[in-house]
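Dropping start15.txt in here (compact mmCIF, C-alpha atoms):
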# COMPACT_ATOMS: atom_id res chain seq x y z
CA MET A 1 0.00 0.00 0.00
CA SER A 2 2.70 2.41 1.05
CA LYS A 3 4.67 1.66 -2.13
CA GLN A 4 1.63 2.28 -4.30
CA ILE A 5 1.02 5.60 -2.63
CA LYS A 6 4.60 6.66 -3.23
CA GLN A 7 4.33 5.57 -6.85
CA LEU A 8 1.12 7.55 -7.26
CA GLY A 9 2.77 10.66 -5.83
CA ASP A 10 5.71 10.29 -8.20
CA ASP A 11 3.49 9.73 -11.22
CA VAL A 12 1.27 12.70 -10.50
CA TRP A 13 4.31 14.89 -9.95
CA LYS A 14 5.89 13.77 -13.21
CA THR A 15 2.93 13.79 -15.52
CA LYS A 16 0.16 16.03 -14.27
CA VAL A 17 1.55 18.96 -12.38
CA GLU A 18 2.57 22.33 -13.75
CA LYS A 19 5.97 23.40 -12.43
CA VAL A 20 7.17 26.90 -11.70
CA ASN A 21 10.57 28.30 -10.94
CA SER A 22 11.14 27.56 -7.27
CA GLU A 23 12.87 30.87 -6.63
CA LEU A 24 9.87 32.78 -7.92
CA PHE A 25 7.78 30.76 -5.50
CA THR A 26 10.13 31.15 -2.54
CA LEU A 27 10.64 34.86 -3.09
CA THR A 28 6.94 35.50 -3.54
CA TYR A 29 6.14 33.84 -0.25
CA GLY A 30 9.04 35.59 1.42
CA SER A 31 7.87 39.00 0.33
CA ILE A 32 4.36 38.24 1.57
CA VAL A 33 5.60 37.31 5.03
CA ALA A 34 7.97 40.27 5.16
CA GLN A 35 5.17 42.62 4.12
CA LEU A 36 2.88 41.17 6.77
CA CYS A 37 5.57 41.70 9.39
CA ARG A 38 5.79 45.36 8.36
CA ASP A 39 2.02 45.77 8.19
CA PHE A 40 1.53 44.40 11.67
CA ASN A 41 4.56 46.11 13.23
CA ASN A 42 6.30 42.82 13.88
CA ASN A 43 3.35 41.48 15.80
CA TYR A 44 4.28 37.92 14.91
CA GLU A 45 1.22 36.32 16.47
CA GLU A 46 -0.87 38.27 14.03
CA VAL A 47 1.41 37.36 11.12
CA ASN A 48 1.02 33.69 12.01
CA ALA A 49 -2.73 34.10 12.04
CA GLN A 50 -2.74 35.83 8.67
CA THR A 51 -0.57 33.27 6.89
CA TYR A 52 -2.69 30.53 8.43
CA LYS A 53 -5.83 32.14 7.10
CA MET A 54 -4.32 32.54 3.65
CA GLY A 55 -3.35 28.88 3.73
CA TYR A 56 -6.83 27.87 4.79
CA ASN A 57 -8.36 29.70 1.86
CA ILE A 58 -5.92 27.97 -0.47
CA GLY A 59 -6.54 24.56 1.08
CA VAL A 60 -10.31 24.56 0.70
CA ARG A 61 -9.86 25.13 -3.03
CA LEU A 62 -6.76 23.09 -3.64
CA ILE A 63 -8.29 19.87 -2.34
CA ASP A 64 -10.45 19.47 -5.43
CA GLU A 65 -7.44 19.87 -7.68
CA PHE A 66 -5.70 17.22 -5.61
CA LEU A 67 -8.63 14.81 -5.82
CA GLN A 68 -9.08 15.36 -9.53
CA LYS A 69 -5.43 14.78 -10.37
CA THR A 70 -4.89 11.81 -8.08
CA GLN A 71 -8.30 10.19 -8.61
CA LEU A 72 -8.21 9.14 -4.97
CA SER A 73 -11.27 8.26 -2.95
CA ARG A 74 -11.86 8.66 0.77
CA CYS A 75 -9.21 7.24 3.10
CA SER A 76 -10.25 4.34 5.30
CA SER A 77 -8.08 5.32 8.26
CA PHE A 78 -6.27 8.38 9.55
CA ARG A 79 -3.05 6.45 9.07
CA ASP A 80 -3.76 6.31 5.31
CA THR A 81 -4.55 10.00 5.40
CA ALA A 82 -1.10 10.71 6.83
CA GLU A 83 0.57 8.63 4.13
CA ILE A 84 -1.40 10.36 1.38
CA VAL A 85 -0.73 13.83 2.74
CA SER A 86 2.99 13.20 2.87
CA LYS A 87 3.67 11.04 -0.17
CA VAL A 88 1.11 12.44 -2.57
CA GLY A 89 0.03 15.85 -1.27
CA PHE A 90 3.40 17.34 -0.36
CA LYS A 91 5.05 15.54 -3.27
CA MET A 92 2.57 16.89 -5.78
CA PHE A 93 2.61 20.51 -4.70
CA LEU A 94 6.07 21.00 -3.21
CA ASN A 95 8.08 18.00 -4.44
CA ILE A 96 9.03 17.03 -0.91
CA VAL A 97 8.05 13.96 1.10
CA PRO A 98 7.99 14.69 4.83
CA ASN A 99 8.59 11.81 7.24
CA ILE A 100 5.66 10.68 9.31
CA THR A 101 6.52 9.99 12.96
CA ASN A 102 5.48 10.42 16.57
CA TRP A 103 2.07 8.81 16.33
CA THR A 104 0.17 8.98 19.58
CA SER A 105 -1.12 5.64 20.82
CA ASP A 106 -4.72 6.49 19.95
CA MET A 107 -3.66 7.18 16.34
CA THR A 108 -5.20 10.62 16.18
CA THR A 109 -2.04 12.70 16.11
CA PHE A 110 1.08 12.49 14.01
CA SER A 111 4.04 14.63 13.07
CA LEU A 112 5.41 15.53 9.69
CA ILE A 113 9.14 16.18 9.73
CA LEU A 114 10.07 18.47 6.87
CA THR A 115 13.64 17.59 6.00
CA GLU A 116 13.61 20.31 3.40
CA ASN A 117 11.29 23.26 3.10
CA PRO A 118 11.17 25.09 -0.21
CA LEU A 119 9.38 28.05 1.41
CA ALA A 120 12.37 28.78 3.62
CA ASP A 121 15.28 28.29 1.25
CA PHE A 122 16.95 31.69 1.71
CA VAL A 123 15.41 32.75 4.97
CA GLU A 124 16.92 34.03 8.20
CA LEU A 125 14.48 35.30 10.77
CA PRO A 126 14.95 38.91 11.95
CA ASP A 127 17.22 39.10 15.00
CA ASP A 128 14.92 41.24 17.13
CA GLY A 129 14.87 38.48 19.72
CA LYS A 130 11.14 38.08 19.25
CA ALA A 131 10.85 36.49 15.81
CA VAL A 132 12.70 33.31 16.75
CA LYS A 133 10.29 32.77 19.58
CA GLU A 134 7.02 33.83 17.99
CA LEU A 135 7.06 33.67 14.21
CA TRP A 136 6.15 30.43 12.45
CA TYR A 137 7.49 31.39 9.07
CA SER A 138 5.88 28.57 7.06
CA ASN A 139 2.56 28.72 8.88
CA ILE A 140 0.72 28.88 5.56
CA LEU A 141 1.31 25.13 5.22
CA CYS A 142 -0.70 24.50 8.39
CA GLY A 143 -3.57 26.49 7.00
CA VAL A 144 -3.50 24.65 3.70
CA LEU A 145 -3.62 21.28 5.44
CA ARG A 146 -6.35 22.38 7.78
CA GLY A 147 -8.52 23.69 4.94
CA ALA A 148 -7.96 20.76 2.65
CA LEU A 149 -8.68 18.15 5.34
CA GLU A 150 -11.78 20.01 6.46
CA MET A 151 -13.23 19.78 2.97
CA VAL A 152 -13.03 16.00 3.16
CA GLN A 153 -14.74 16.12 6.54
CA LEU A 154 -11.65 15.68 8.71
CA ASP A 155 -11.65 18.34 11.39
CA CYS A 156 -7.98 18.71 12.31
CA GLU A 157 -5.73 20.96 14.32
CA VAL A 158 -2.49 21.69 12.53
CA GLY A 159 0.49 23.59 13.86
CA PHE A 160 4.26 23.80 13.90
CA ILE A 161 6.05 22.74 17.04
CA SER A 162 9.60 23.32 15.83
CA ASP A 163 11.37 24.96 12.91
CA VAL A 164 15.02 24.90 11.86
CA LEU A 165 14.71 28.64 11.20
CA ARG A 166 14.33 29.10 14.95
CA GLY A 167 17.43 27.05 15.60
CA ASP A 168 15.57 23.82 16.31
CA GLU A 169 16.96 20.48 15.18
CA THR A 170 14.04 19.72 12.88
CA THR A 171 11.05 21.33 11.29
CA GLU A 172 8.08 19.50 12.75
CA LEU A 173 4.43 19.95 11.91
CA ARG A 174 1.85 18.37 14.19
CA VAL A 175 -1.54 17.21 12.87
CA ARG A 176 -4.28 16.20 15.30
CA LEU A 177 -7.60 14.75 14.21
CA VAL A 178 -10.27 16.37 16.34
CA GLN A 179 -13.21 14.54 14.81
CA VAL A 180 -14.55 13.13 11.59
CA LEU A 181 -17.46 15.33 10.60
CA LYS A 182 -19.76 12.38 9.99
CA ASP A 183 -22.90 14.41 9.42
CA GLU A 184 -21.28 16.30 6.62
CA ILE A 185 -20.08 13.35 4.60
CA PRO A 186 -22.06 13.64 1.37
CA ALA A 187 -24.83 11.10 0.81
CA GLY A 188 -23.92 8.26 -1.47
CA GLU A 189 -20.63 7.33 0.17
CA GLU A 190 -20.06 4.09 2.00
CA MET B 1 -24.62 14.20 -27.42
CA LEU B 2 -24.60 16.37 -24.33
CA TYR B 3 -27.75 18.36 -23.72
CA SER B 4 -27.19 20.06 -20.37
CA ILE B 5 -24.73 20.29 -17.52
CA TYR B 6 -25.63 21.05 -13.91
CA ILE B 7 -23.25 21.53 -11.02
CA THR B 8 -24.61 21.56 -7.48
CA SER B 9 -22.90 22.39 -4.21
CA ARG B 10 -22.68 19.90 -1.40
CA SER B 11 -25.81 21.27 0.16
CA GLY B 12 -27.70 20.82 -3.09
CA SER B 13 -27.94 24.37 -4.32
CA LEU B 14 -27.42 24.99 -7.98
CA LEU B 15 -24.03 26.49 -8.80
CA TYR B 16 -24.07 26.19 -12.55
CA GLN B 17 -26.52 25.26 -15.25
CA LYS B 18 -26.25 25.32 -18.97
CA ASP B 19 -28.25 23.91 -21.86
CA PHE B 20 -26.41 23.31 -25.10
CA LYS B 21 -27.96 23.83 -28.50
CA THR B 22 -28.04 20.57 -30.38
CA VAL B 23 -30.19 19.16 -33.14
CA ASN B 24 -33.30 17.46 -31.79
CA SER B 25 -32.50 18.15 -28.17
CA PRO B 26 -35.50 17.06 -26.08
CA ILE B 27 -34.55 19.61 -23.43
CA THR B 28 -36.69 22.72 -23.55
CA LYS B 29 -35.94 26.00 -21.92
CA GLN B 30 -37.26 26.32 -18.38
CA ARG B 31 -37.86 29.26 -16.14
CA SER B 32 -34.78 29.99 -14.06
CA ASN B 33 -36.55 28.95 -10.90
CA ASP B 34 -37.30 25.54 -12.37
CA TYR B 35 -33.61 24.86 -12.86
CA LEU B 36 -33.17 25.30 -9.13
CA VAL B 37 -36.04 22.91 -8.53
CA ILE B 38 -34.57 20.29 -10.87
CA ALA B 39 -31.17 20.52 -9.18
CA SER B 40 -32.45 20.29 -5.64
CA THR B 41 -34.87 17.48 -6.55
CA LEU B 42 -32.03 15.45 -8.01
CA HIS B 43 -29.96 16.20 -4.92
CA GLY B 44 -32.74 14.98 -2.65
CA VAL B 45 -33.57 11.89 -4.68
CA HIS B 46 -29.88 11.04 -4.75
CA ALA B 47 -29.72 11.22 -0.96
CA ILE B 48 -32.82 9.09 -0.56
CA ALA B 49 -31.53 6.53 -3.05
CA SER B 50 -28.29 6.26 -1.09
CA LYS B 51 -30.30 5.13 1.94
CA LEU B 52 -32.36 2.64 -0.07
CA THR B 53 -29.50 0.92 -1.87
CA PRO B 54 -29.46 -2.76 -0.83
CA PRO B 55 -26.14 -3.99 0.63
CA ASP B 56 -25.62 -6.38 -2.28
CA ALA B 57 -25.81 -3.58 -4.78
CA VAL B 58 -23.31 -1.58 -2.76
CA HIS B 59 -20.97 -4.51 -3.05
CA ASN B 60 -21.35 -4.57 -6.82
CA TYR B 61 -20.61 -0.90 -7.05
CA GLN B 62 -17.51 -1.42 -4.95
CA LYS B 63 -16.17 -3.74 -7.58
CA ALA B 64 -17.15 -1.58 -10.48
CA LYS B 65 -16.35 1.71 -8.85
CA THR B 66 -15.08 4.39 -11.10
CA LEU B 67 -12.28 6.36 -9.53
CA ALA B 68 -12.67 9.87 -8.21
CA ASN B 69 -16.40 9.37 -8.00
CA SER B 70 -17.69 9.19 -4.47
CA ASN B 71 -21.22 8.44 -5.60
CA ARG B 72 -21.26 4.78 -4.60
CA THR B 73 -24.70 4.19 -3.24
CA GLY B 74 -26.73 7.14 -4.46
CA LEU B 75 -28.60 7.71 -7.67
CA ARG B 76 -26.19 7.43 -10.57
CA GLU B 77 -28.21 7.28 -13.72
CA ILE B 78 -31.73 7.89 -14.97
CA SER B 79 -32.64 6.48 -18.38
CA THR B 80 -35.59 7.60 -20.40
CA SER B 81 -36.43 6.89 -24.01
CA ARG B 82 -35.29 10.33 -25.09
CA PHE B 83 -32.39 11.18 -22.80
CA LYS B 84 -30.27 9.99 -19.91
CA ILE B 85 -29.19 11.74 -16.74
CA PHE B 86 -25.83 10.91 -15.16
CA MET B 87 -24.71 12.02 -11.72
CA ASN B 88 -21.24 11.92 -10.23
CA GLN B 89 -20.15 13.31 -6.92
CA THR B 90 -16.68 14.42 -5.88
CA VAL B 91 -15.24 13.48 -2.49
CA THR B 92 -15.87 17.08 -1.43
CA GLY B 93 -19.57 16.70 -2.24
CA ILE B 94 -19.90 18.69 -5.46
CA LYS B 95 -22.27 16.97 -7.89
CA ILE B 96 -21.77 17.13 -11.61
CA ILE B 97 -24.96 16.21 -13.44
CA VAL B 98 -25.11 15.67 -17.17
CA PHE B 99 -28.16 15.32 -19.41
CA ALA B 100 -27.19 13.37 -22.50
CA SER B 101 -28.61 11.42 -25.40
CA PRO B 102 -29.60 7.76 -24.76
CA ASP B 103 -26.49 6.42 -26.50
CA MET B 104 -24.23 7.83 -23.77
CA ASP B 105 -22.80 5.17 -21.45
CA GLU B 106 -21.15 5.32 -18.06
CA ALA B 107 -17.60 4.93 -19.34
CA ARG B 108 -17.90 7.83 -21.73
CA PHE B 109 -19.61 9.89 -19.11
CA ALA B 110 -16.75 9.17 -16.67
CA ALA B 111 -14.28 10.70 -19.14
CA ILE B 112 -16.47 13.76 -19.65
CA TYR B 113 -16.98 14.12 -15.90
CA ASP B 114 -13.25 14.08 -15.35
CA LYS B 115 -12.78 16.88 -17.89
CA ILE B 116 -15.52 18.98 -16.36
CA TYR B 117 -14.07 18.45 -12.89
CA GLU B 118 -10.63 19.47 -14.12
CA HIS B 119 -11.96 22.67 -15.65
CA TYR B 120 -13.94 23.35 -12.49
CA CYS B 121 -10.72 23.09 -10.44
CA ASN B 122 -8.77 25.26 -12.83
CA TYR B 123 -11.14 27.98 -13.88
CA VAL B 124 -13.52 28.18 -10.96
CA LEU B 125 -11.64 27.24 -7.79
CA LYS B 126 -8.36 28.80 -8.86
CA ASN B 127 -10.04 32.04 -9.78
CA PRO B 128 -9.16 34.10 -6.71
CA PHE B 129 -12.34 36.15 -7.02
CA TYR B 130 -14.66 33.19 -7.06
CA GLN B 131 -16.33 32.67 -3.69
CA LEU B 132 -16.94 29.10 -2.64
CA ASP B 133 -20.54 27.86 -2.80
CA MET B 134 -21.66 30.81 -4.88
CA PRO B 135 -23.10 30.52 -8.39
CA ILE B 136 -20.36 30.12 -10.98
CA ARG B 137 -20.01 33.06 -13.32
CA CYS B 138 -16.63 32.52 -14.88
CA GLN B 139 -16.09 33.20 -18.56
CA LEU B 140 -13.04 30.98 -18.81
CA PHE B 141 -14.98 28.09 -17.36
CA ASP B 142 -17.76 28.62 -19.91
CA THR B 143 -15.28 28.64 -22.75
CA HIS B 144 -13.57 25.45 -21.68
CA LEU B 145 -16.83 23.71 -20.98
CA ASN B 146 -18.03 24.62 -24.44
CA SER B 147 -14.99 23.00 -25.96
CA VAL B 148 -15.63 19.80 -23.99
CA VAL B 149 -19.20 19.79 -25.19
CA ALA B 150 -18.21 20.60 -28.75
CA GLY B 151 -15.87 17.60 -28.67
CA CYS B 152 -18.78 15.33 -27.79
CA ASN B 153 -21.43 16.84 -29.99
CA VAL B 154 -19.69 16.66 -33.35

Please rewrite the model in this file as structure tokens.
Amino acid sequence: MSKQIKQLGDDVWKTKVEKVNSELFTLTYGSIVAQLCRDFNNNYEEVNAQTYKMGYNIGVRLIDEFLQKTQLSRCSSFRDTAEIVSKVGFKMFLNIVPNITNWTSDMTTFSLILTENPLADFVELPDDGKAVKELWYSNILCGVLRGALEMVQLDCEVGFISDVLRGDETTELRVRLVQVLKDEIPAGEE
Amino acid sequence: MLYSIYITSRSGSLLYQKDFKTVNSPITKQRSNDYLVIASTLHGVHAIASKLTPPDAVHNYQKAKTLANSNRTGLREISTSRFKIFMNQTVTGIKIIVFASPDMDEARFAAIYDKIYEHYCNYVLKNPFYQLDMPIRCQLFDTHLNSVVAGCNV
């Protein structure tokens, strides 16, 4: 199963996805975050919230693109969801495959370790002493995941718990399934 | 031959409707309110059908399931002597409904559905000024849909 998923991610990446220059992408995102920092007077909490919101709005739209290109149907377990998010989702849109670890025993929470992060290629956080403690630079990713999963009726909490930009060892994104929105699953599904 | 395309939101409201001019189309023009009624009726009947589907039939659909279509147990097809109605549903709950001539079959519809879904993703969802769950008024989407239809109606 895991192999098939990886294969699917590779195939979609190779044959169906439009590519753009990664620097254009990285610099665009960088200038957005920098502008937000200026707009909110380095109130990093607010910047996090804004990038999260932007991500959410992207996620709720992007999910259909993802489903159309991958032809996937609903996952049967949250474990499958994690595999798909990492090996197909991240692969397809960012060409990275984060490692899945740190499952809790009740299988509702897992971590994605981003060994590379195209959003943060050239980034150093401002050395005002505050940014390294408060700013989650790549917070847009959390929003995207949150929005996309919500549209397939998985109510999740998504957030960073560490980031190499802050001097941490790894960049770790935590995803917790709050509930499956059973009432909202469209009629006609098993 | 494709006669009409409907797209409904996951709550059953009509997002998009278009009739296509073809020779001998049995579809006549309706009042705009009636299109809403048709869409929400189909939505409701689909939901009821999904509850009535016997377990054995569900099993058959499992085997024959077409990918990317989450409409496993609901209403999928209505055949009449003059036209057919096909319904597919995405995992996110959007329904794409196609009125076509009786010679249309499920395999061909699946290909058309996939095209429509692709254009919907590209020209509706990726349009930054389109608001989710609002009626679709996107020129680019119209244009691309027309080319899909033209490809079928030659």

Distance cut-off 6 Å, counting all atoms listed in the file - which residues of chain B neighbour chain A? Return them as a CSV table (one decimal) with C-alpha atoms, in the frame of the given file.
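Here's the written file part_15.csv:
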chain,number,residue,atom,x,y,z
B,47,ALA,CA,-29.7,11.2,-1.0
B,50,SER,CA,-28.3,6.3,-1.1
B,67,LEU,CA,-12.3,6.4,-9.5
B,68,ALA,CA,-12.7,9.9,-8.2
B,70,SER,CA,-17.7,9.2,-4.5
B,71,ASN,CA,-21.2,8.4,-5.6
B,72,ARG,CA,-21.3,4.8,-4.6
B,73,THR,CA,-24.7,4.2,-3.2
B,74,GLY,CA,-26.7,7.1,-4.5
B,92,THR,CA,-15.9,17.1,-1.4
B,93,GLY,CA,-19.6,16.7,-2.2
B,121,CYS,CA,-10.7,23.1,-10.4
B,125,LEU,CA,-11.6,27.2,-7.8

How big is the axis-aligned box, and where does its centre sit, when it encloses all atoms of segment 26-30 of chain A listed in the file and has 3 Å added on every side, reported in Å to one decimal as JSON?
{"center_x": 8.4, "center_y": 33.4, "center_z": -1.1, "size_x": 10.5, "size_y": 10.4, "size_z": 11.0}

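For the residues A:Leu141, A:Ile100, A:Ala49, A:Leu119, ranking by smallest atom-to-atom distance to Ser31 of chain A using all atoms listed in the file places A:Leu119 first.
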
Can you list, as a JSON list (two decimals) with C-alpha atoms, in the coordinates of the input, every protein, DNA or RNA residue that comes within 8 Å of Pro98 of chain A when you count all atoms listed in the file, leaving out same-chain residues fewer than 4 positions away?
[["chain", "number", "residue", "atom", "x", "y", "z"],
["A", 86, "SER", "CA", 2.99, 13.20, 2.87],
["A", 87, "LYS", "CA", 3.67, 11.04, -0.17],
["A", 90, "PHE", "CA", 3.40, 17.34, -0.36],
["A", 112, "LEU", "CA", 5.41, 15.53, 9.69],
["A", 113, "ILE", "CA", 9.14, 16.18, 9.73],
["A", 114, "LEU", "CA", 10.07, 18.47, 6.87],
["A", 115, "THR", "CA", 13.64, 17.59, 6.00]]

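Each of B:Val98, B:Asp103, B:Lys29, B:Tyr117 was checked against Ile5 of chain B using all atoms listed in the file; the smallest atom-to-atom distance is that of B:Val98.
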
Selection near Asn99 of chain A, 12 Å with only C-alpha atoms, sequence-local residues under 2 positions removed, as a list in words: Ala82, Glu83, Ile84, Val85, Ser86, Lys87, Phe90, Lys91, Ile96, Val97, Thr101, Asn102, Trp103, Phe110, Ser111, Leu112, Ile113, Leu114, Thr115, Glu116, Thr170, Thr171, Glu172, Leu173 and Arg174 of chain A

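If you measure from each of A:Gln35, A:Thr26, A:Thr108, A:Gln7 to Val123 of chain A using only C-alpha atoms, the closest one turns out to be A:Thr26.
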
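If you look at atom CA of Leu15 of chain B and atom CA of Asp133 of chain B, they are 7.1 Å away from each other.
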
Two-atom distance - atom CA of Leu52 of chain B, atom CA of Leu75 of chain B (Å): 9.9 Å

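You will find atom CA of Leu145 of chain A at 12.5 Å from atom CA of Thr51 of chain A.
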
Test item: residues at most 12 Å from Asn24 of chain B, all atoms listed in the file, excluding those fewer than 4 positions along its chain, as a PyMOL selection string: chain B and resi 1-3+20+28+82-83+100-101
